Amino acid sequence: MTTKTPTDKTTDTAKVTTTPVVPLPPAAARATALAGSALALVGTFLAWTWTDEFPGDLTVTGYPGGLQVLTLVGSVLTLLFALSGWGSSRPGDARSGKGIPGLGWLTPGGTNSPVLLSALGVLGTTGYTLGAISQELGGLVNLEPGAWVSGAGALVAVIGALGLPADQPYGADEPAPGLWGRIRHALTAPEPARARELPSWAEILIIAAGFGAGLYVFAYGISTEYSELFIGFLITAAFGFTAVTRAGLLKRLSALTAKHRNVTLAAAFAAAICFPFTQSNDQFALIGANILIFATVALGLNVVVGLAGLLDLGYVAFLGVGAYAAALVSGSPQSSIGVHFPFWAAVLTGALASLVFGVVIGAPTLRLRGDYLAIVTLGFGEIFRITMNNLNGNSGPDVTNGSNGIPNIPDLEVLGFNLGVPHDVLGHELTRSGNYYLLMLLFTAIVVLVFRRSAESRIGRAWVAIREDETAATAMGINGFRLKLLAFALGACLAGLAGTVQAHVSYSVTPEQYQFAGSVPPNSAFLLAAVILGGMGTISGPLIGAALLYLIPAKLQFMAEYQLLLFGAALMFLMRFRPEGLVADRRKQLEFHDTGQLDVPDDKPLPDGATGVAKAGA
């Protein structure tokens, strides 16, 4: 009986498990992917249909429009990834210096998986477009040659990409490579090669360019004018983002942002300030303002759930408390109080009212844990909504006008600047929605600062200790109840701060805006999902999660009846493939993955007690 050494086993596994799905020589496979991408690119300059009844006018030859632009962008990305590994015969060759000079920096984490993912994005976008044209116009007969050229090119590119070997060997417990297995394996990012040191000014320029690109993509997604284009954008963006991630570019960018944290925050808010100036439609700027409100509230919930580990299912009620308090004191003719506070006083009133409610509700309930706490907070959220409904002069005192709410809330005036009328700024008209967007951006900056300082303080570390093991934290001398109450109160105050702006943006507040679950955010279920989807305990995670969960329902209103179904399916998919969220901190990577190296720079320490490799149940 013969035995193999560990080295022999690893070598044999690597030889077997990097075998591609389609049996092609690596050079021929890469050439096929290049040819297919080029063909898909050429097809975008030809007409895809004969009539302009399909949105986007795809009848023009020589000038791509609408969904053709998305196919063009995906094809160019696939071409660049494929060219960056030209001449490499084995996985990792491009990372060791092989490939076309000047393009190797595009794929520090691997040259083949990005080609496959971006090619799948082109095929998905093109295939969806061809299906939409056929469905809306009545059959495949409505397709012009350009559509067939791009569709065939995209399919050829995917076949060529499936002929490329995997960037890293399959694990011993992974199934034999097949189509689905190859795609799943492509979603595992290899460790990128160490980048050579750049001057500080060059690193700052790279950070600025990254946020500039992010602003352009986000602005394009919001300004899509019809649902077909937005669905195509989602397909292209999802596969493109994944391909860029697996290429190792985002890890490089993350290392730079960790090194220049203050510059990163400044660049992020500078890009956000530019957003309303990129929009010509006031409705799109309004979506941006509502996304910021939703994201700010989600970041406040992240203090409670992400840092302290308290499951709050009635958090939207604190947003409602702030909104109602601001509406009552902002001079609305329907207000039962009949006072008109200045802006700063209305903001403080809303924030303090939510803070008081957070303390009053938290004091008797935070001695509970887990599911019991969740049930109590869910009850509080429903009690708030029912109480606002009953304060109508019949079932109770006439305070909130019952189900009619408080309408006609006047626009804010800050330092003589009326936010309700357009203003000319540097030759660009800043609309009402743009004004409130910038005001909400200021509040978001305040909330981000509070969250960051709190998380990095002794209190923040105590919250994390309570979240991980409250019994052990109490044994170490941490006053669990007092610190949980502080987290609850701080989260409520931040939600109330956002509620004061929401009341003025929407002109009115009604009880039905503050439900546990519904098809339109914000509500408690969507807020909690935004934190989990984005990544608990992080700053950018809830902001990204909230943006996605607000933007997608706003742009796909024709699917309103199925939104909750799709929402649940998306959460199940996420929990299966990325339970730590889109933006994961180091602890979550250790907690949810059996093995693997932490994606942290060498100069960043690991969490207390953590090692570079996590075991099951860590």
# chains A, B, ... in the order shown; residues from 1 in each chain; ligands from 1
>>> select_by_dssp(residues="stretch 117-298 of chain A", states="helix (DSSP H, G or I)", output="VMD selection string")
chain A and resid 117 to 137 140 to 142 145 to 162 179 to 186 200 to 222 227 to 246 249 to 259 261 to 278 282 to 298
>>> closest_atom_pairs(of="stretch 414-468 of chain A", to="stretch 270-290 of chain A", cutoff="12 Å", atoms="only C-alpha atoms", output="JSON lines")
{"residue": "A:Val421", "atom": "CA", "partner": "A:Asp282", "partner_atom": "CA", "distance": 11.9}
{"residue": "A:Pro422", "atom": "CA", "partner": "A:Asp282", "partner_atom": "CA", "distance": 10.2}
{"residue": "A:His423", "atom": "CA", "partner": "A:Phe277", "partner_atom": "CA", "distance": 11.8}
{"residue": "A:Asp424", "atom": "CA", "partner": "A:Phe277", "partner_atom": "CA", "distance": 10.8}
{"residue": "A:Val425", "atom": "CA", "partner": "A:Phe277", "partner_atom": "CA", "distance": 9.1}
{"residue": "A:Leu426", "atom": "CA", "partner": "A:Phe277", "partner_atom": "CA", "distance": 9.8}
{"residue": "A:Gly427", "atom": "CA", "partner": "A:Phe277", "partner_atom": "CA", "distance": 10.1}
{"residue": "A:His428", "atom": "CA", "partner": "A:Phe277", "partner_atom": "CA", "distance": 6.8}
{"residue": "A:Glu429", "atom": "CA", "partner": "A:Phe277", "partner_atom": "CA", "distance": 8.0}
{"residue": "A:Leu430", "atom": "CA", "partner": "A:Phe277", "partner_atom": "CA", "distance": 7.2}
{"residue": "A:Thr431", "atom": "CA", "partner": "A:Asp282", "partner_atom": "CA", "distance": 6.4}
{"residue": "A:Arg432", "atom": "CA", "partner": "A:Asp282", "partner_atom": "CA", "distance": 7.7}
{"residue": "A:Ser433", "atom": "CA", "partner": "A:Leu286", "partner_atom": "CA", "distance": 4.8}
{"residue": "A:Gly434", "atom": "CA", "partner": "A:Pro276", "partner_atom": "CA", "distance": 5.4}
{"residue": "A:Asn435", "atom": "CA", "partner": "A:Pro276", "partner_atom": "CA", "distance": 8.5}
{"residue": "A:Tyr436", "atom": "CA", "partner": "A:Ala289", "partner_atom": "CA", "distance": 6.5}
{"residue": "A:Tyr437", "atom": "CA", "partner": "A:Ala289", "partner_atom": "CA", "distance": 4.3}
{"residue": "A:Leu438", "atom": "CA", "partner": "A:Ile273", "partner_atom": "CA", "distance": 6.7}
{"residue": "A:Leu439", "atom": "CA", "partner": "A:Ala289", "partner_atom": "CA", "distance": 8.8}
{"residue": "A:Met440", "atom": "CA", "partner": "A:Ala289", "partner_atom": "CA", "distance": 6.8}
{"residue": "A:Leu441", "atom": "CA", "partner": "A:Ile273", "partner_atom": "CA", "distance": 7.6}
{"residue": "A:Leu442", "atom": "CA", "partner": "A:Ile273", "partner_atom": "CA", "distance": 9.5}
{"residue": "A:Phe443", "atom": "CA", "partner": "A:Ala289", "partner_atom": "CA", "distance": 11.4}
{"residue": "A:Thr444", "atom": "CA", "partner": "A:Ala272", "partner_atom": "CA", "distance": 10.7}
{"residue": "A:Ala445", "atom": "CA", "partner": "A:Ala272", "partner_atom": "CA", "distance": 10.5}
>>> residues_around(residues="A:Met572", least_positions_apart="5", cutoff="12 Å", atoms="only C-alpha atoms", output="ChimeraX atom specification")
/A:529,532-533,565-567,577-579,581
>>> closest_residue(among="A:Leu355, A:Leu348, A:Ala554, A:Leu143", to="A:Trp48", atoms="only C-alpha atoms")
A:Leu143
>>> closest_residue(among="A:Ala29, A:Ala147, A:Leu229, A:Ala503", to="A:Ala161", atoms="only C-alpha atoms")
A:Ala29
>>> closest_residue(among="A:Phe451, A:Phe343, A:Ala38, A:Thr32", to="A:Leu415", atoms="only C-alpha atoms")
A:Phe343
>>> closest_residue(among="A:Thr59, A:Asn142, A:Asn401, A:Asn302", to="A:Val531", atoms="only C-alpha atoms")
A:Asn302
>>> residues_around(residues="A:Glu144", least_positions_apart="4", cutoff="8 Å", atoms="only C-alpha atoms", output="list of chain:residue names")
A:Ala47, A:Trp48, A:Thr49, A:Trp50, A:Trp148
>>> write_last_selection(atoms="all heavy atoms", output="PDB file, in the first residue's frame")
ATOM      1  N   ALA A  47     -28.058  48.087 -35.442  1.00  0.00           N
ATOM      2  CA  ALA A  47     -29.430  48.160 -34.939  1.00  0.00           C
ATOM      3  C   ALA A  47     -29.848  46.821 -34.341  1.00  0.00           C
ATOM      4  O   ALA A  47     -29.523  45.757 -34.876  1.00  0.00           O
ATOM      5  CB  ALA A  47     -30.378  48.563 -36.062  1.00  0.00           C
ATOM      6  N   TRP A  48     -30.591  46.863 -33.210  1.00  0.00           N
ATOM      7  CA  TRP A  48     -31.059  45.650 -32.551  1.00  0.00           C
ATOM      8  C   TRP A  48     -32.532  45.377 -32.838  1.00  0.00           C
ATOM      9  O   TRP A  48     -32.999  44.272 -32.599  1.00  0.00           O
ATOM     10  CB  TRP A  48     -30.830  45.737 -31.040  1.00  0.00           C
ATOM     11  CG  TRP A  48     -29.400  45.480 -30.659  1.00  0.00           C
ATOM     12  CD1 TRP A  48     -28.313  45.533 -31.479  1.00  0.00           C
ATOM     13  CD2 TRP A  48     -28.904  45.125 -29.361  1.00  0.00           C
ATOM     14  NE1 TRP A  48     -27.169  45.250 -30.785  1.00  0.00           N
ATOM     15  CE2 TRP A  48     -27.500  44.999 -29.473  1.00  0.00           C
ATOM     16  CE3 TRP A  48     -29.485  44.925 -28.132  1.00  0.00           C
ATOM     17  CZ2 TRP A  48     -26.696  44.661 -28.395  1.00  0.00           C
ATOM     18  CZ3 TRP A  48     -28.695  44.595 -27.047  1.00  0.00           C
ATOM     19  CH2 TRP A  48     -27.308  44.460 -27.176  1.00  0.00           C
ATOM     20  N   THR A  49     -33.267  46.388 -33.248  1.00  0.00           N
ATOM     21  CA  THR A  49     -34.676  46.208 -33.590  1.00  0.00           C
ATOM     22  C   THR A  49     -35.063  47.246 -34.632  1.00  0.00           C
ATOM     23  O   THR A  49     -34.344  48.243 -34.834  1.00  0.00           O
ATOM     24  CB  THR A  49     -35.585  46.306 -32.351  1.00  0.00           C
ATOM     25  OG1 THR A  49     -36.941  46.035 -32.712  1.00  0.00           O
ATOM     26  CG2 THR A  49     -35.511  47.690 -31.731  1.00  0.00           C
ATOM     27  N   TRP A  50     -36.181  47.028 -35.290  1.00  0.00           N
ATOM     28  CA  TRP A  50     -36.551  47.886 -36.421  1.00  0.00           C
ATOM     29  C   TRP A  50     -37.460  49.043 -36.021  1.00  0.00           C
ATOM     30  O   TRP A  50     -37.692  49.961 -36.817  1.00  0.00           O
ATOM     31  CB  TRP A  50     -37.268  47.049 -37.485  1.00  0.00           C
ATOM     32  CG  TRP A  50     -38.539  46.409 -36.953  1.00  0.00           C
ATOM     33  CD1 TRP A  50     -38.645  45.228 -36.297  1.00  0.00           C
ATOM     34  CD2 TRP A  50     -39.859  46.939 -37.037  1.00  0.00           C
ATOM     35  NE1 TRP A  50     -39.947  44.964 -35.943  1.00  0.00           N
ATOM     36  CE2 TRP A  50     -40.716  46.010 -36.401  1.00  0.00           C
ATOM     37  CE3 TRP A  50     -40.407  48.107 -37.570  1.00  0.00           C
ATOM     38  CZ2 TRP A  50     -42.086  46.219 -36.286  1.00  0.00           C
ATOM     39  CZ3 TRP A  50     -41.775  48.300 -37.471  1.00  0.00           C
ATOM     40  CH2 TRP A  50     -42.602  47.371 -36.832  1.00  0.00           C
ATOM     41  N   TRP A 148     -28.488  39.738 -32.862  1.00  0.00           N
ATOM     42  CA  TRP A 148     -27.969  38.380 -32.987  1.00  0.00           C
ATOM     43  C   TRP A 148     -26.447  38.354 -32.912  1.00  0.00           C
ATOM     44  O   TRP A 148     -25.862  37.429 -32.332  1.00  0.00           O
ATOM     45  CB  TRP A 148     -28.435  37.764 -34.304  1.00  0.00           C
ATOM     46  CG  TRP A 148     -29.917  37.582 -34.380  1.00  0.00           C
ATOM     47  CD1 TRP A 148     -30.809  38.269 -35.148  1.00  0.00           C
ATOM     48  CD2 TRP A 148     -30.698  36.632 -33.640  1.00  0.00           C
ATOM     49  NE1 TRP A 148     -32.088  37.832 -34.947  1.00  0.00           N
ATOM     50  CE2 TRP A 148     -32.051  36.813 -34.025  1.00  0.00           C
ATOM     51  CE3 TRP A 148     -30.390  35.655 -32.702  1.00  0.00           C
ATOM     52  CZ2 TRP A 148     -33.087  36.049 -33.491  1.00  0.00           C
ATOM     53  CZ3 TRP A 148     -31.418  34.885 -32.169  1.00  0.00           C
ATOM     54  CH2 TRP A 148     -32.751  35.082 -32.566  1.00  0.00           C
TER      55      TRP A 148
END
>>> decode(residues="stretch 462-545 of chain A", atoms="C-alpha atoms", output="PDB file, in the first residue's frame")
ATOM      1  CA  ALA A 462     -17.582  47.181  25.572  1.00  0.00           C
ATOM      2  CA  TRP A 463     -20.586  46.989  23.210  1.00  0.00           C
ATOM      3  CA  VAL A 464     -18.756  44.454  21.055  1.00  0.00           C
ATOM      4  CA  ALA A 465     -17.862  42.427  24.151  1.00  0.00           C
ATOM      5  CA  ILE A 466     -21.531  42.373  25.185  1.00  0.00           C
ATOM      6  CA  ARG A 467     -22.531  41.351  21.668  1.00  0.00           C
ATOM      7  CA  GLU A 468     -20.093  38.435  21.620  1.00  0.00           C
ATOM      8  CA  ASP A 469     -20.800  37.140  25.139  1.00  0.00           C
ATOM      9  CA  GLU A 470     -22.727  39.249  27.635  1.00  0.00           C
ATOM     10  CA  THR A 471     -22.090  36.842  30.526  1.00  0.00           C
ATOM     11  CA  ALA A 472     -18.342  36.931  29.995  1.00  0.00           C
ATOM     12  CA  ALA A 473     -18.416  40.723  29.576  1.00  0.00           C
ATOM     13  CA  THR A 474     -20.312  41.113  32.858  1.00  0.00           C
ATOM     14  CA  ALA A 475     -17.799  38.838  34.598  1.00  0.00           C
ATOM     15  CA  MET A 476     -15.018  41.155  33.386  1.00  0.00           C
ATOM     16  CA  GLY A 477     -16.663  44.123  35.115  1.00  0.00           C
ATOM     17  CA  ILE A 478     -18.699  45.635  32.253  1.00  0.00           C
ATOM     18  CA  ASN A 479     -22.076  47.045  33.304  1.00  0.00           C
ATOM     19  CA  GLY A 480     -24.128  45.373  30.604  1.00  0.00           C
ATOM     20  CA  PHE A 481     -27.483  46.991  31.355  1.00  0.00           C
ATOM     21  CA  ARG A 482     -26.152  50.545  31.449  1.00  0.00           C
ATOM     22  CA  LEU A 483     -24.182  50.160  28.235  1.00  0.00           C
ATOM     23  CA  LYS A 484     -27.070  48.477  26.410  1.00  0.00           C
ATOM     24  CA  LEU A 485     -29.335  51.321  27.485  1.00  0.00           C
ATOM     25  CA  LEU A 486     -26.768  53.808  26.185  1.00  0.00           C
ATOM     26  CA  ALA A 487     -26.682  52.030  22.799  1.00  0.00           C
ATOM     27  CA  PHE A 488     -30.473  51.952  22.660  1.00  0.00           C
ATOM     28  CA  ALA A 489     -30.737  55.651  23.488  1.00  0.00           C
ATOM     29  CA  LEU A 490     -28.015  56.679  21.038  1.00  0.00           C
ATOM     30  CA  GLY A 491     -29.588  54.667  18.228  1.00  0.00           C
ATOM     31  CA  ALA A 492     -32.997  56.198  18.952  1.00  0.00           C
ATOM     32  CA  CYS A 493     -31.529  59.717  18.968  1.00  0.00           C
ATOM     33  CA  LEU A 494     -29.863  59.207  15.571  1.00  0.00           C
ATOM     34  CA  ALA A 495     -33.126  57.891  14.096  1.00  0.00           C
ATOM     35  CA  GLY A 496     -35.007  60.902  15.452  1.00  0.00           C
ATOM     36  CA  LEU A 497     -32.438  63.199  13.862  1.00  0.00           C
ATOM     37  CA  ALA A 498     -33.209  61.705  10.443  1.00  0.00           C
ATOM     38  CA  GLY A 499     -36.940  61.828  11.171  1.00  0.00           C
ATOM     39  CA  THR A 500     -36.899  65.607  11.510  1.00  0.00           C
ATOM     40  CA  VAL A 501     -35.677  65.942   7.920  1.00  0.00           C
ATOM     41  CA  GLN A 502     -37.993  63.236   6.610  1.00  0.00           C
ATOM     42  CA  ALA A 503     -41.044  65.136   7.873  1.00  0.00           C
ATOM     43  CA  HIS A 504     -40.117  68.200   5.799  1.00  0.00           C
ATOM     44  CA  VAL A 505     -39.055  66.248   2.706  1.00  0.00           C
ATOM     45  CA  SER A 506     -42.370  64.380   2.485  1.00  0.00           C
ATOM     46  CA  TYR A 507     -44.530  67.407   3.550  1.00  0.00           C
ATOM     47  CA  SER A 508     -46.541  65.175   5.901  1.00  0.00           C
ATOM     48  CA  VAL A 509     -46.306  62.366   8.441  1.00  0.00           C
ATOM     49  CA  THR A 510     -48.875  59.599   8.871  1.00  0.00           C
ATOM     50  CA  PRO A 511     -48.924  56.487  11.087  1.00  0.00           C
ATOM     51  CA  GLU A 512     -48.856  54.115   8.108  1.00  0.00           C
ATOM     52  CA  GLN A 513     -45.358  55.308   7.197  1.00  0.00           C
ATOM     53  CA  TYR A 514     -43.934  53.542  10.248  1.00  0.00           C
ATOM     54  CA  GLN A 515     -44.846  49.862   9.967  1.00  0.00           C
ATOM     55  CA  PHE A 516     -42.902  46.748  10.834  1.00  0.00           C
ATOM     56  CA  ALA A 517     -43.005  45.479   7.246  1.00  0.00           C
ATOM     57  CA  GLY A 518     -44.276  46.799   3.943  1.00  0.00           C
ATOM     58  CA  SER A 519     -43.411  47.083   0.287  1.00  0.00           C
ATOM     59  CA  VAL A 520     -42.075  50.634   0.667  1.00  0.00           C
ATOM     60  CA  PRO A 521     -39.127  51.452   2.954  1.00  0.00           C
ATOM     61  CA  PRO A 522     -38.332  52.658   5.504  1.00  0.00           C
ATOM     62  CA  ASN A 523     -39.869  50.091   7.831  1.00  0.00           C
ATOM     63  CA  SER A 524     -38.356  48.005  10.597  1.00  0.00           C
ATOM     64  CA  ALA A 525     -37.900  44.872   8.488  1.00  0.00           C
ATOM     65  CA  PHE A 526     -36.158  46.728   5.660  1.00  0.00           C
ATOM     66  CA  LEU A 527     -33.966  48.659   8.104  1.00  0.00           C
ATOM     67  CA  LEU A 528     -32.809  45.466   9.795  1.00  0.00           C
ATOM     68  CA  ALA A 529     -32.245  43.856   6.398  1.00  0.00           C
ATOM     69  CA  ALA A 530     -30.165  46.851   5.262  1.00  0.00           C
ATOM     70  CA  VAL A 531     -27.841  46.375   8.241  1.00  0.00           C
ATOM     71  CA  ILE A 532     -27.521  42.614   7.693  1.00  0.00           C
ATOM     72  CA  LEU A 533     -27.243  42.892   3.910  1.00  0.00           C
ATOM     73  CA  GLY A 534     -24.577  45.585   4.056  1.00  0.00           C
ATOM     74  CA  GLY A 535     -22.585  44.189   6.967  1.00  0.00           C
ATOM     75  CA  MET A 536     -23.165  44.582  10.697  1.00  0.00           C
ATOM     76  CA  GLY A 537     -20.742  46.716  12.664  1.00  0.00           C
ATOM     77  CA  THR A 538     -19.361  48.579   9.638  1.00  0.00           C
ATOM     78  CA  ILE A 539     -19.927  52.122   8.402  1.00  0.00           C
ATOM     79  CA  SER A 540     -20.198  51.601   4.665  1.00  0.00           C
ATOM     80  CA  GLY A 541     -22.192  48.357   4.937  1.00  0.00           C
ATOM     81  CA  PRO A 542     -25.556  49.775   6.103  1.00  0.00           C
ATOM     82  CA  LEU A 543     -25.164  52.724   3.727  1.00  0.00           C
ATOM     83  CA  ILE A 544     -24.760  50.359   0.751  1.00  0.00           C
ATOM     84  CA  GLY A 545     -27.489  48.014   1.955  1.00  0.00           C
TER      85      GLY A 545
END
